[in-house]
Amino acid sequence: MPSSLKRSEFTQALQDRKIDVEQAKADPKLAGLDVAKADLNHDGKIAGGEEATALFREVDRYDRNGDAGSIALTSATGEQTKAAVLATALTSRAVFDVTEPNPPPRDAALKAAFSSAGSLPLARGTTGDRAVAVQYGLARLGFAIGSVDGQFGPGTERAVKAFQASASLPQTGVVDHATLGALDAKLASTELRTPAEVSGDPLAYLSNHAALGLAKLSPIVDRSRPVDWAHPEVQKAYGAFVDAYWQQLKTNRVECDCKTLSLFMMDQFRIKVKTDLGVQLPRPAGLPASTWVASTAAKPNGFFSRFDQLTNGVRPGYGNAQAIQRLDPKASMLAGTNVRYAGVDANMASRAVKVTIPWSAARDNGGDQQVPEIPVQQLNPGDVIFIDHTGDGRVDHMANVVKVNKDAAGKVTSLVLATGSFDDMKDADGATAPNSLAEVNNYAEEVTVTLDAAGKVASSQVTWSSEPAWLAAGRYSARTLLMEMKPGGKISVGRWAQP
């Protein structure tokens, strides 16, 4: 009779077999042994070399031979040791594992990436579609993975561990069957659409301000003057509305270009004034009567949604999105709700505002990107910044002042700006206009600018984008929103005004 049992012999005896944890816990021969501690993936059974090794470690706690690689089967008096009793009971309880193979994932990207045998486990250092699918799944659930770049690096490993912790799985950072199954189940049970999308009628949803939780407008106190865009109380209310409504637009991932974002906020305020105060504010000067159109991934209305619909090539820099769309047929560049108001460009919209801070060549910063070219101390929520970046005399970009933060002395310390734009998806050449909506990818962004004591730009960062950071990098900054770009360019500030 052998005097010891090696760890390799124990794990070999359990090869292709399983031990039911609950049944083992009820076995009096295994009293005191923490069998569940060896169930590393918490699936209710001990199976595989890793868990068999963990189980041997638990048995070895009862051994006294000083060797972690073996246990003594008999004592000095020739009696069977406690460790031997446990090992024998465990091997006799092990049965062949005839569990059905793990079902394929339901999530399209995970299913496409992990369809072949041997695709698991997935660990740090791996590249390709499997890494893309896991990153994409984690990112949609809100786990910080950096960028969906198909590189399973330290950031992805940390995200996997964080997900495993949330799912009560061992925090190994390795994607095994249990982790993949839990990730797939979480994706299936999580509503990944925005509330506006779920509603089925995004425009109606976004126009129901009371249901969104926006406070009712206070009655106008000064009735000695017409209640219109020129009324100071209306202008102040608009500033408060822009701040509150922008939070709802972010929640619902509303995306559009710059002038459309400004128009949408303005027109929604007209709806709110009519609802709350019974006053119909006029449409600002020169803006045509048009109909708002909302587009979503389910109903793109001609907007660019998928790369496979483009026939003239693809704009550089969208490799992440292309990789995702190869795996997920439903992945769309319409991240939430796209809103559109036809017939207005940025230059036309700029003529519908009342200029409150005109351009002054004296504020030209001479290329110093720390110096805003508008007096930031005079900005208020609801202001519209309009910019001629090219110097051709036409406004080509706009931004909305959402929030102005001031210190105790009343000096502006930071600004929150909301803007939007589009990429021509067929190329990156600004000189070639897109041929159709099917070549246009809209997005909206929030930029937070902090200012130092001298009023210079201390920092500038994209603090929200309708296209999440794991999909595309932010585009805008203080340089593009508080400064003109070329000689001859101009930047001014205005408010929506009477026709």
# chains A, B, ... in the order shown; residues from 1 in each chain; ligands from 1
$ residues_around --residues "stretch 444-451 of chain A" --least-positions-apart "5" --cutoff "8 Å" --atoms "only C-alpha atoms" --output "PyMOL selection string"
chain A and resi 254-258+261+412-421+456-467+474+476-478
$ select_by_dssp --residues "stretch 109-193 of chain A" --states "helix (DSSP H, G or I)" --output "PyMOL selection string"
chain A and resi 109-113+129-140+154-166+177-189
$ closest_atom_pairs --of "stretch 35-137 of chain A" --to "stretch 181-185 of chain A" --cutoff "8 Å" --atoms "only C-alpha atoms" --output "JSON lines"
{"residue": "A:Pro105", "atom": "CA", "partner": "A:Asp184", "partner_atom": "CA", "distance": 5.9}
{"residue": "A:Arg106", "atom": "CA", "partner": "A:Asp184", "partner_atom": "CA", "distance": 6.5}
{"residue": "A:Asp107", "atom": "CA", "partner": "A:Asp184", "partner_atom": "CA", "distance": 6.1}
{"residue": "A:Leu110", "atom": "CA", "partner": "A:Asp184", "partner_atom": "CA", "distance": 7.4}
{"residue": "A:Gly137", "atom": "CA", "partner": "A:Leu183", "partner_atom": "CA", "distance": 7.2}
$ residues_around --residues "A:Trp229" --least-positions-apart "5" --cutoff "7 Å" --atoms "only C-alpha atoms" --output "short mmCIF file (atom, residue, chain, number, x, y, z; two decimals) with C-alpha atoms, in the first residue's frame"
data_model
loop_
_atom_site.label_atom_id
_atom_site.label_comp_id
_atom_site.auth_asym_id
_atom_site.auth_seq_id
_atom_site.Cartn_x
_atom_site.Cartn_y
_atom_site.Cartn_z
CA VAL A 234 -38.02 84.74 -20.55
CA GLN A 235 -34.30 84.99 -21.28
CA LEU A 281 -43.10 82.46 -28.40
CA TRP A 496 -32.47 83.82 -29.60
CA ALA A 497 -34.55 86.87 -30.48
CA GLN A 498 -37.76 88.18 -31.99
#
